[in-house]
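So this one's entry_22.pdb, PDB, C-alpha atoms and all ligand atoms:
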ATOM      1  CA  ASN A  21     -70.415 -44.117 -51.146
ATOM      2  CA  PHE A  22     -71.564 -46.846 -53.517
ATOM      3  CA  GLU A  23     -70.456 -49.323 -50.821
ATOM      4  CA  LYS A  24     -72.902 -47.667 -48.456
ATOM      5  CA  VAL A  25     -75.697 -47.956 -50.998
ATOM      6  CA  LEU A  26     -74.853 -51.642 -51.471
ATOM      7  CA  SER A  27     -75.062 -52.269 -47.748
ATOM      8  CA  MET A  28     -78.449 -50.531 -47.475
ATOM      9  CA  VAL A  29     -80.177 -52.223 -50.396
ATOM     10  CA  PRO A  30     -81.183 -55.595 -48.832
ATOM     11  CA  GLU A  31     -83.862 -54.094 -46.574
ATOM     12  CA  PHE A  32     -85.817 -52.278 -49.301
ATOM     13  CA  ASP A  33     -88.671 -53.321 -51.581
ATOM     14  CA  ALA A  34     -88.191 -50.373 -53.889
ATOM     15  CA  ILE A  35     -85.393 -48.037 -54.836
ATOM     16  CA  ILE A  36     -85.442 -44.773 -56.711
ATOM     17  CA  THR A  37     -82.306 -43.545 -58.439
ATOM     18  CA  ARG A  38     -81.383 -40.384 -60.296
ATOM     19  CA  SER A  39     -78.652 -40.252 -62.935
ATOM     20  CA  GLY A  40     -75.712 -40.310 -60.512
ATOM     21  CA  THR A  41     -76.117 -43.741 -58.944
ATOM     22  CA  PRO A  42     -75.953 -46.727 -61.282
ATOM     23  CA  VAL A  43     -78.195 -49.667 -60.430
ATOM     24  CA  THR A  44     -75.742 -52.390 -61.360
ATOM     25  CA  LYS A  45     -76.050 -56.174 -61.442
ATOM     26  CA  GLU A  46     -74.213 -56.298 -58.128
ATOM     27  CA  LEU A  47     -76.641 -53.860 -56.528
ATOM     28  CA  ILE A  48     -79.685 -55.711 -57.862
ATOM     29  CA  GLU A  49     -78.310 -59.040 -56.584
ATOM     30  CA  ARG A  50     -78.059 -57.581 -53.107
ATOM     31  CA  GLY A  51     -81.659 -56.385 -53.196
ATOM     32  CA  LYS A  52     -83.239 -59.603 -52.018
ATOM     33  CA  LYS A  53     -86.614 -57.916 -51.384
ATOM     34  CA  LEU A  54     -86.459 -55.653 -54.410
ATOM     35  CA  LYS A  55     -89.652 -55.446 -56.475
ATOM     36  CA  VAL A  56     -89.357 -52.169 -58.298
ATOM     37  CA  ILE A  57     -86.637 -49.776 -59.427
ATOM     38  CA  GLY A  58     -87.658 -46.220 -60.193
ATOM     39  CA  ARG A  59     -85.575 -43.803 -62.233
ATOM     40  CA  ALA A  60     -86.402 -40.190 -61.335
ATOM     41  CA  GLY A  61     -85.919 -38.953 -64.881
ATOM     42  CA  VAL A  62     -85.929 -40.303 -68.415
ATOM     43  CA  GLY A  63     -82.833 -42.341 -69.200
ATOM     44  CA  VAL A  64     -82.750 -45.846 -67.738
ATOM     45  CA  ASP A  65     -79.287 -46.452 -69.178
ATOM     46  CA  ASN A  66     -77.804 -46.449 -65.658
ATOM     47  CA  ILE A  67     -79.964 -49.435 -64.695
ATOM     48  CA  ASP A  68     -79.051 -53.020 -65.581
ATOM     49  CA  ILE A  69     -82.444 -53.776 -67.090
ATOM     50  CA  ASP A  70     -81.508 -57.313 -68.174
ATOM     51  CA  GLU A  71     -80.636 -58.263 -64.629
ATOM     52  CA  ALA A  72     -83.816 -56.638 -63.285
ATOM     53  CA  SER A  73     -85.974 -58.473 -65.853
ATOM     54  CA  ARG A  74     -84.291 -61.771 -65.051
ATOM     55  CA  ARG A  75     -85.347 -61.326 -61.424
ATOM     56  CA  GLY A  76     -88.830 -60.083 -62.242
ATOM     57  CA  ILE A  77     -88.094 -56.619 -60.899
ATOM     58  CA  LEU A  78     -90.069 -53.842 -62.523
ATOM     59  CA  VAL A  79     -88.221 -50.795 -63.848
ATOM     60  CA  VAL A  80     -90.222 -47.567 -64.109
ATOM     61  CA  ASN A  81     -89.179 -44.060 -65.103
ATOM     62  CA  ALA A  82     -90.568 -40.533 -65.166
ATOM     63  CA  PRO A  83     -89.963 -39.509 -68.746
ATOM     64  CA  THR A  84     -92.155 -36.421 -68.893
ATOM     65  CA  GLY A  85     -91.215 -34.482 -65.774
ATOM     66  CA  ASN A  86     -88.047 -32.836 -67.037
ATOM     67  CA  THR A  87     -88.881 -32.346 -70.700
ATOM     68  CA  LEU A  88     -89.196 -28.577 -70.473
ATOM     69  CA  ALA A  89     -86.105 -28.174 -68.312
ATOM     70  CA  ALA A  90     -83.987 -30.047 -70.874
ATOM     71  CA  THR A  91     -85.641 -28.165 -73.744
ATOM     72  CA  GLU A  92     -84.908 -24.783 -72.212
ATOM     73  CA  HIS A  93     -81.345 -25.773 -71.357
ATOM     74  CA  THR A  94     -80.856 -26.712 -75.002
ATOM     75  CA  MET A  95     -82.099 -23.284 -76.138
ATOM     76  CA  GLY A  96     -79.798 -21.599 -73.653
ATOM     77  CA  MET A  97     -76.813 -23.623 -74.845
ATOM     78  CA  MET A  98     -77.690 -22.920 -78.474
ATOM     79  CA  ILE A  99     -77.690 -19.151 -77.985
ATOM     80  CA  ALA A 100     -74.616 -19.330 -75.752
ATOM     81  CA  ALA A 101     -72.746 -21.208 -78.503
ATOM     82  CA  ALA A 102     -73.950 -18.939 -81.314
ATOM     83  CA  ARG A 103     -72.919 -15.765 -79.456
ATOM     84  CA  LEU A 104     -69.990 -17.156 -77.428
ATOM     85  CA  ILE A 105     -71.597 -15.787 -74.273
ATOM     86  CA  PRO A 106     -69.633 -17.849 -71.699
ATOM     87  CA  PHE A 107     -66.302 -16.836 -73.282
ATOM     88  CA  ALA A 108     -67.230 -13.152 -73.361
ATOM     89  CA  HIS A 109     -68.401 -13.414 -69.771
ATOM     90  CA  LYS A 110     -65.153 -15.028 -68.688
ATOM     91  CA  SER A 111     -63.093 -12.451 -70.563
ATOM     92  CA  LEU A 112     -64.789  -9.484 -68.934
ATOM     93  CA  LYS A 113     -65.470 -10.878 -65.490
ATOM     94  CA  ASP A 114     -62.390 -12.991 -64.796
ATOM     95  CA  GLU A 115     -59.830 -11.334 -67.064
ATOM     96  CA  ARG A 116     -61.203  -7.755 -66.866
ATOM     97  CA  ARG A 117     -60.799  -7.290 -70.625
ATOM     98  CA  TRP A 118     -63.047  -5.164 -72.836
ATOM     99  CA  ASP A 119     -62.569  -7.304 -75.932
ATOM    100  CA  ARG A 120     -65.470  -6.751 -78.315
ATOM    101  CA  LYS A 121     -63.900  -7.826 -81.611
ATOM    102  CA  LYS A 122     -63.152 -11.307 -80.404
ATOM    103  CA  PHE A 123     -66.777 -12.150 -79.745
ATOM    104  CA  MET A 124     -68.491 -11.993 -83.124
ATOM    105  CA  GLY A 125     -71.407 -14.378 -83.212
ATOM    106  CA  VAL A 126     -73.836 -15.835 -85.692
ATOM    107  CA  GLU A 127     -77.604 -15.243 -85.709
ATOM    108  CA  LEU A 128     -80.095 -18.056 -85.355
ATOM    109  CA  SER A 129     -82.626 -16.322 -87.584
ATOM    110  CA  GLY A 130     -82.557 -17.740 -91.098
ATOM    111  CA  LYS A 131     -80.268 -20.630 -90.144
ATOM    112  CA  THR A 132     -81.187 -24.283 -90.464
ATOM    113  CA  LEU A 133     -81.448 -26.296 -87.273
ATOM    114  CA  GLY A 134     -81.115 -30.071 -87.614
ATOM    115  CA  ILE A 135     -82.754 -32.059 -84.822
ATOM    116  CA  ILE A 136     -81.800 -35.725 -84.480
ATOM    117  CA  GLY A 137     -84.515 -37.475 -82.461
ATOM    118  CA  PHE A 138     -87.855 -35.694 -82.625
ATOM    119  CA  GLY A 139     -89.432 -36.945 -79.398
ATOM    120  CA  ARG A 140     -90.571 -34.985 -76.369
ATOM    121  CA  ILE A 141     -87.518 -32.736 -76.101
ATOM    122  CA  GLY A 142     -86.515 -32.630 -79.776
ATOM    123  CA  SER A 143     -89.985 -31.502 -80.873
ATOM    124  CA  ARG A 144     -90.160 -28.800 -78.202
ATOM    125  CA  VAL A 145     -86.744 -27.512 -79.226
ATOM    126  CA  GLY A 146     -88.144 -27.398 -82.774
ATOM    127  CA  ILE A 147     -91.148 -25.303 -81.756
ATOM    128  CA  ARG A 148     -88.906 -22.808 -79.959
ATOM    129  CA  ALA A 149     -86.401 -22.638 -82.809
ATOM    130  CA  ARG A 150     -89.260 -21.797 -85.202
ATOM    131  CA  ALA A 151     -90.079 -18.846 -82.956
ATOM    132  CA  PHE A 152     -86.499 -17.685 -83.571
ATOM    133  CA  ASP A 153     -87.236 -17.777 -87.341
ATOM    134  CA  MET A 154     -85.028 -20.800 -87.914
ATOM    135  CA  LYS A 155     -85.696 -23.333 -90.634
ATOM    136  CA  VAL A 156     -86.068 -26.602 -88.759
ATOM    137  CA  ILE A 157     -85.429 -30.073 -90.145
ATOM    138  CA  ALA A 158     -85.525 -33.328 -88.194
ATOM    139  CA  TYR A 159     -84.322 -36.901 -88.565
ATOM    140  CA  ASP A 160     -86.247 -39.541 -86.640
ATOM    141  CA  PRO A 161     -87.124 -42.800 -88.390
ATOM    142  CA  TYR A 162     -89.643 -43.742 -85.700
ATOM    143  CA  ILE A 163     -92.156 -40.904 -85.870
ATOM    144  CA  LYS A 164     -94.996 -40.012 -88.210
ATOM    145  CA  ARG A 165     -94.300 -37.354 -90.807
ATOM    146  CA  GLU A 166     -97.410 -35.432 -89.680
ATOM    147  CA  LYS A 167     -96.020 -34.944 -86.182
ATOM    148  CA  ALA A 168     -93.194 -32.840 -87.645
ATOM    149  CA  GLU A 169     -95.194 -31.165 -90.398
ATOM    150  CA  LYS A 170     -97.864 -29.958 -87.977
ATOM    151  CA  LEU A 171     -95.118 -28.048 -86.185
ATOM    152  CA  GLY A 172     -93.676 -26.557 -89.363
ATOM    153  CA  VAL A 173     -90.707 -28.915 -89.269
ATOM    154  CA  GLU A 174     -89.464 -30.877 -92.274
ATOM    155  CA  LEU A 175     -88.746 -34.535 -91.564
ATOM    156  CA  VAL A 176     -85.827 -35.791 -93.655
ATOM    157  CA  ASN A 177     -85.455 -39.457 -94.598
ATOM    158  CA  ALA A 178     -81.719 -39.758 -94.238
ATOM    159  CA  LEU A 179     -79.325 -38.638 -91.533
ATOM    160  CA  ASP A 180     -76.852 -37.621 -94.247
ATOM    161  CA  GLU A 181     -79.281 -35.040 -95.605
ATOM    162  CA  LEU A 182     -79.644 -33.468 -92.163
ATOM    163  CA  LEU A 183     -75.869 -33.427 -91.702
ATOM    164  CA  ARG A 184     -75.381 -31.723 -95.058
ATOM    165  CA  ARG A 185     -78.062 -29.050 -94.686
ATOM    166  CA  SER A 186     -77.846 -27.924 -91.044
ATOM    167  CA  ASP A 187     -76.029 -24.902 -89.611
ATOM    168  CA  ILE A 188     -76.679 -26.120 -86.075
ATOM    169  CA  ILE A 189     -77.232 -29.758 -85.106
ATOM    170  CA  THR A 190     -78.693 -30.968 -81.818
ATOM    171  CA  VAL A 191     -79.161 -34.591 -80.728
ATOM    172  CA  HIS A 192     -82.193 -35.681 -78.659
ATOM    173  CA  THR A 193     -82.263 -39.470 -78.948
ATOM    174  CA  PRO A 194     -81.886 -41.968 -76.127
ATOM    175  CA  LEU A 195     -78.492 -43.669 -75.853
ATOM    176  CA  THR A 196     -78.854 -47.076 -77.505
ATOM    177  CA  ASP A 197     -76.586 -49.380 -79.507
ATOM    178  CA  GLU A 198     -77.965 -47.614 -82.547
ATOM    179  CA  THR A 199     -77.315 -44.069 -81.360
ATOM    180  CA  ARG A 200     -73.966 -44.591 -79.607
ATOM    181  CA  ASN A 201     -71.360 -42.921 -81.855
ATOM    182  CA  MET A 202     -74.086 -41.791 -84.217
ATOM    183  CA  ILE A 203     -71.923 -38.706 -84.834
ATOM    184  CA  THR A 204     -68.269 -39.526 -85.456
ATOM    185  CA  LYS A 205     -65.521 -38.029 -87.604
ATOM    186  CA  ARG A 206     -67.227 -39.530 -90.663
ATOM    187  CA  GLU A 207     -70.500 -37.714 -90.013
ATOM    188  CA  ILE A 208     -68.778 -34.470 -88.999
ATOM    189  CA  GLU A 209     -66.938 -34.425 -92.351
ATOM    190  CA  LYS A 210     -70.305 -34.317 -94.111
ATOM    191  CA  MET A 211     -71.419 -31.237 -92.166
ATOM    192  CA  LYS A 212     -71.055 -27.598 -93.207
ATOM    193  CA  ASP A 213     -67.818 -25.905 -92.212
ATOM    194  CA  GLY A 214     -68.429 -23.929 -89.043
ATOM    195  CA  VAL A 215     -71.357 -26.040 -87.869
ATOM    196  CA  ILE A 216     -72.449 -25.755 -84.226
ATOM    197  CA  LEU A 217     -73.090 -29.048 -82.392
ATOM    198  CA  LEU A 218     -75.136 -29.636 -79.241
ATOM    199  CA  ASN A 219     -75.474 -32.679 -77.026
ATOM    200  CA  ILE A 220     -77.898 -32.236 -74.146
ATOM    201  CA  ALA A 221     -79.138 -35.842 -74.477
ATOM    202  CA  ARG A 222     -76.592 -38.508 -73.515
ATOM    203  CA  GLY A 223     -72.813 -38.719 -73.559
ATOM    204  CA  GLY A 224     -71.460 -40.821 -76.411
ATOM    205  CA  ILE A 225     -74.113 -40.051 -79.034
ATOM    206  CA  ILE A 226     -71.512 -37.650 -80.403
ATOM    207  CA  ASN A 227     -68.076 -39.271 -80.216
ATOM    208  CA  GLU A 228     -66.089 -37.168 -77.756
ATOM    209  CA  GLU A 229     -62.627 -37.622 -79.266
ATOM    210  CA  ASP A 230     -63.877 -36.868 -82.783
ATOM    211  CA  LEU A 231     -65.716 -33.767 -81.548
ATOM    212  CA  ARG A 232     -62.592 -32.563 -79.770
ATOM    213  CA  GLU A 233     -60.563 -32.953 -82.954
ATOM    214  CA  ALA A 234     -63.165 -31.178 -85.068
ATOM    215  CA  LEU A 235     -63.164 -28.241 -82.620
ATOM    216  CA  VAL A 236     -59.374 -28.049 -82.718
ATOM    217  CA  GLU A 237     -59.412 -28.100 -86.533
ATOM    218  CA  GLY A 238     -62.173 -25.477 -86.625
ATOM    219  CA  LYS A 239     -64.517 -27.663 -88.689
ATOM    220  CA  VAL A 240     -66.976 -27.302 -85.813
ATOM    221  CA  ARG A 241     -67.285 -23.626 -84.872
ATOM    222  CA  ALA A 242     -68.593 -24.253 -81.367
ATOM    223  CA  ALA A 243     -70.155 -27.041 -79.361
ATOM    224  CA  ALA A 244     -72.257 -27.212 -76.228
ATOM    225  CA  VAL A 245     -72.325 -30.359 -74.147
ATOM    226  CA  ASP A 246     -74.223 -31.179 -70.946
ATOM    227  CA  VAL A 247     -73.649 -34.948 -70.893
ATOM    228  CA  PHE A 248     -70.555 -37.130 -71.087
ATOM    229  CA  THR A 249     -69.655 -40.776 -71.636
ATOM    230  CA  SER A 250     -68.371 -40.962 -68.102
ATOM    231  CA  GLU A 251     -69.673 -38.707 -65.334
ATOM    232  CA  PRO A 252     -68.548 -36.838 -63.263
ATOM    233  CA  ALA A 253     -66.555 -35.689 -66.296
ATOM    234  CA  VAL A 254     -63.933 -33.594 -64.552
ATOM    235  CA  ASP A 255     -61.065 -35.101 -66.586
ATOM    236  CA  ASN A 256     -62.855 -35.375 -69.910
ATOM    237  CA  PRO A 257     -60.639 -34.443 -72.910
ATOM    238  CA  LEU A 258     -63.456 -32.272 -74.256
ATOM    239  CA  LEU A 259     -62.849 -29.812 -71.435
ATOM    240  CA  ASP A 260     -59.572 -28.793 -73.101
ATOM    241  CA  ALA A 261     -61.098 -28.274 -76.546
ATOM    242  CA  PRO A 262     -61.503 -24.732 -77.890
ATOM    243  CA  ASN A 263     -64.949 -23.132 -78.258
ATOM    244  CA  ILE A 264     -66.728 -25.694 -76.164
ATOM    245  CA  ILE A 265     -69.383 -24.794 -73.646
ATOM    246  CA  VAL A 266     -69.907 -27.389 -70.966
ATOM    247  CA  THR A 267     -72.317 -27.863 -68.091
ATOM    248  CA  PRO A 268     -72.268 -30.701 -65.539
ATOM    249  CA  HIS A 269     -75.419 -32.584 -66.621
ATOM    250  CA  ILE A 270     -77.812 -29.893 -65.397
ATOM    251  CA  GLY A 271     -80.351 -30.246 -68.199
ATOM    252  CA  ALA A 272     -83.032 -31.385 -65.778
ATOM    253  CA  ASN A 273     -81.974 -29.156 -62.915
ATOM    254  CA  THR A 274     -84.850 -26.803 -62.400
ATOM    255  CA  PHE A 275     -86.971 -26.610 -59.278
ATOM    256  CA  GLU A 276     -90.060 -27.271 -61.384
ATOM    257  CA  SER A 277     -88.615 -30.322 -63.078
ATOM    258  CA  GLN A 278     -87.305 -31.915 -59.888
ATOM    259  CA  ALA A 279     -90.700 -31.523 -58.223
ATOM    260  CA  ASN A 280     -92.498 -32.960 -61.278
ATOM    261  CA  VAL A 281     -90.167 -35.906 -61.530
ATOM    262  CA  ALA A 282     -90.332 -36.686 -57.793
ATOM    263  CA  VAL A 283     -94.132 -36.773 -57.791
ATOM    264  CA  ILE A 284     -94.355 -38.794 -61.004
ATOM    265  CA  ILE A 285     -91.810 -41.415 -59.933
ATOM    266  CA  ALA A 286     -93.313 -41.798 -56.439
ATOM    267  CA  ASN A 287     -96.708 -42.487 -58.041
ATOM    268  CA  GLN A 288     -95.162 -44.901 -60.540
ATOM    269  CA  VAL A 289     -93.448 -46.863 -57.770
ATOM    270  CA  LEU A 290     -96.677 -46.968 -55.740
ATOM    271  CA  SER A 291     -98.712 -48.270 -58.678
ATOM    272  CA  ALA A 292     -96.033 -50.866 -59.368
TER     273      ALA A 292
HETATM  274  P1  LIG B   1     -88.140 -39.363 -76.304
HETATM  275  O1  LIG B   1     -88.179 -40.850 -76.161
HETATM  276  O2  LIG B   1     -89.406 -38.590 -76.155
HETATM  277  O3  LIG B   1     -87.525 -38.984 -77.739
HETATM  278  C1  LIG B   1     -86.435 -39.654 -78.294
HETATM  279  C2  LIG B   1     -86.648 -39.696 -79.807
HETATM  280  O4  LIG B   1     -85.477 -40.251 -80.411
HETATM  281  C3  LIG B   1     -87.832 -40.582 -80.236
HETATM  282  O5  LIG B   1     -88.744 -39.835 -81.036
HETATM  283  C4  LIG B   1     -87.176 -41.694 -81.021
HETATM  284  O6  LIG B   1     -87.980 -42.129 -82.120
HETATM  285  C5  LIG B   1     -85.908 -41.022 -81.505
HETATM  286  N1  LIG B   1     -84.866 -41.963 -81.897
HETATM  287  C6  LIG B   1     -84.535 -43.155 -81.340
HETATM  288  N2  LIG B   1     -83.528 -43.729 -82.019
HETATM  289  C7  LIG B   1     -83.213 -42.879 -83.028
HETATM  290  C8  LIG B   1     -82.266 -42.911 -84.069
HETATM  291  N3  LIG B   1     -81.426 -43.957 -84.206
HETATM  292  N4  LIG B   1     -82.213 -41.879 -84.914
HETATM  293  C9  LIG B   1     -83.041 -40.827 -84.798
HETATM  294  N5  LIG B   1     -83.980 -40.733 -83.838
HETATM  295  C10 LIG B   1     -84.060 -41.758 -82.953
HETATM  296  O7  LIG B   1     -87.031 -38.850 -75.287
HETATM  297  P2  LIG B   1     -86.878 -37.376 -74.654
HETATM  298  O8  LIG B   1     -87.660 -37.289 -73.418
HETATM  299  O9  LIG B   1     -87.104 -36.364 -75.725
HETATM  300  O10 LIG B   1     -85.325 -37.406 -74.257
HETATM  301  C11 LIG B   1     -84.320 -37.312 -75.257
HETATM  302  C12 LIG B   1     -82.945 -37.507 -74.663
HETATM  303  O11 LIG B   1     -82.668 -36.463 -73.714
HETATM  304  C13 LIG B   1     -82.742 -38.814 -73.905
HETATM  305  O12 LIG B   1     -81.441 -39.311 -74.195
HETATM  306  C14 LIG B   1     -82.787 -38.401 -72.458
HETATM  307  O13 LIG B   1     -82.081 -39.284 -71.629
HETATM  308  C15 LIG B   1     -82.116 -37.039 -72.540
HETATM  309  N6  LIG B   1     -82.363 -36.137 -71.413
HETATM  310  C16 LIG B   1     -81.294 -35.437 -70.909
HETATM  311  C17 LIG B   1     -81.484 -34.550 -69.855
HETATM  312  C18 LIG B   1     -80.334 -33.784 -69.292
HETATM  313  O14 LIG B   1     -80.290 -33.576 -68.087
HETATM  314  N7  LIG B   1     -79.393 -33.327 -70.091
HETATM  315  C19 LIG B   1     -82.770 -34.373 -69.320
HETATM  316  C20 LIG B   1     -83.829 -35.080 -69.867
HETATM  317  C21 LIG B   1     -83.620 -35.964 -70.929
END

Show how you would write the structure in this file as structure tokens.
Ligand code: NAD
Amino acid sequence: NFEKVLSMVPEFDAIITRSGTPVTKELIERGKKLKVIGRAGVGVDNIDIDEASRRGILVVNAPTGNTLAATEHTMGMMIAAARLIPFAHKSLKDERRWDRKKFMGVELSGKTLGIIGFGRIGSRVGIRARAFDMKVIAYDPYIKREKAEKLGVELVNALDELLRRSDIITVHTPLTDETRNMITKREIEKMKDGVILLNIARGGIINEEDLREALVEGKVRAAAVDVFTSEPAVDNPLLDAPNIIVTPHIGANTFESQANVAVIIANQVLSA
């Protein structure tokens, strides 16, 4: 289908993409009339920004429209991982087993949540985790201390400290050269035994192979992942790991969020 997109591009002044269709160098080259590229969502990592800049094509996004959808998906994944809900569901519904002993969970209350990246989504996850009586700490070298403190969240200066202290760790940074492989085997070794890890941000922030190994070894008690290094991720090795909860990049998939994002990006493209 990408071929079809390529053949359509030359007649348009503007294109809007979601996360599924990459706006590659090849696609931009074909867009002889192209003036603006809109990304209906936050991450512009599927757009070749260098190529767009070189041609004077504006790239705009709609970073705020799906904040709450991604936040709420994170909370859902956190509780699902803590209480093993998808596994219990599968056991009863698909296997018709009444296995109660197998599904002992941990409580969020009293646990320490470590949030890496305290931006729009990270901070909202923090607010909600506080309502669950969690102790919340965050690592984000680019924000003001007061932003966290006002929300009852402790900002730590070093990633290592967050890794060491957290019972549950969730990443909410963009995918950049700095954040790619931010969590590898080395970082996982510094975490508590039985830590729960969440990635609802971007595939590759947590190294997939290292996470798989840590799940197999039991160092990581459970993980929940919505995003993968390569999508669609139907052959991803993580799918075979134990105690992993996966969703097919549906963090932003709410009716409310899709409407918000559509309106915001249409306005952005028009102003451009
Ligand atoms: P944001 O820009 O508001 O927040 C990102 C935060 O990460 C910023 O505060 C920034 O200072 C921080 N950060 C950057 N580099 C860092 C580093 N090296 N270490 C620690 N912190 C760092 O972005 P957002 O709207 O909160 O989105 C967060 C992530 O969620 C993005 O990757 C976005 O693409 C993703 N997202 C996923 C879905 C989904 O469907 N699963 C939906 C929406 C957003």

Report task. Please provide as a PyMOL selection string all residues within 12 Å of Pro194 (chain A), with the sequence filter that same-chain residues fewer than 5 positions apart are discarded (counting all atoms listed in the file). Result -> chain A and resi 62-65+83+136-142+160+199-200+202+219-225

Query raised in the report: Selected by the PyMOL selection byres (((chain A and resi 262) around 7) and not hetatm) in the shown coordinates: which residues, as a VMD selection string?
Result: chain A and resid 235 to 236 260 to 261 263 to 264

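Distance-wise, CA of Leu26 (chain A) and CA of Leu47 (chain A) end up 5.8 Å apart.
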
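Nearest residue to Ala243 (chain A), choosing from A:Ile284, A:Ala101, A:Ala90, A:Ala60 and counting only C-alpha atoms: A:Ala101.
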
Requested in this report: Can you pull out every residue within 12 Å of Ser250 (chain A), counting all atoms listed in the file, but drop anything in the same chain fewer than 4 positions away, and send it as a VMD selection string?
Outcome: chain A and resid 39 to 40 42 66 222 to 224 228 246 254 to 258 268 to 269

Requested in this report: Output the residue selection produced by the PyMOL selection byres (((chain A and resi 105) around 12) and not hetatm) on the file above, formatted as a PyMOL selection string.
Outcome: chain A and resi 96-104+106-113+120+122-126+242+244+263-265

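Note that CA of Leu179 (chain A) and CA of Asn81 (chain A) are 28.7 Å apart.
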
**Report entry** atom O6 of ligand LIG 1 (chain B) to CA of Pro161 (chain A), distance in Å rounded to a single decimal
**Finding:**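 Interatomic distance here is 6.4 Å.
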
Query raised in the report: Smallest atom-to-atom distance to Ala292 (chain A): which of A:Val79, A:Ile135, A:Met154, A:Ile69, using only C-alpha atoms?
Result: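 For Ala292 (chain A), the nearest of the given residues is A:Val79.
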
Residues near region 277-283 of chain A, cut-off 6 Å, all atoms listed in the file, skip fewer than 4 positions along chain, as an mmCIF file with C-alpha atoms, in the coordinates of the input:
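Listed below is the output, out.cif:
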data_model
loop_
_atom_site.group_PDB
_atom_site.id
_atom_site.type_symbol
_atom_site.label_atom_id
_atom_site.label_comp_id
_atom_site.auth_asym_id
_atom_site.auth_seq_id
_atom_site.Cartn_x
_atom_site.Cartn_y
_atom_site.Cartn_z
ATOM 1 C CA ALA A 60 -86.402 -40.190 -61.335
ATOM 2 C CA ALA A 82 -90.568 -40.533 -65.166
ATOM 3 C CA GLY A 85 -91.215 -34.482 -65.774
ATOM 4 C CA ASN A 86 -88.047 -32.836 -67.037
#

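Among the candidate residues A:His192, A:Arg59, A:Arg150, A:Arg241, the one lying nearest to ligand LIG 1 (chain B) is A:His192, with distances computed using all atoms listed in the file.
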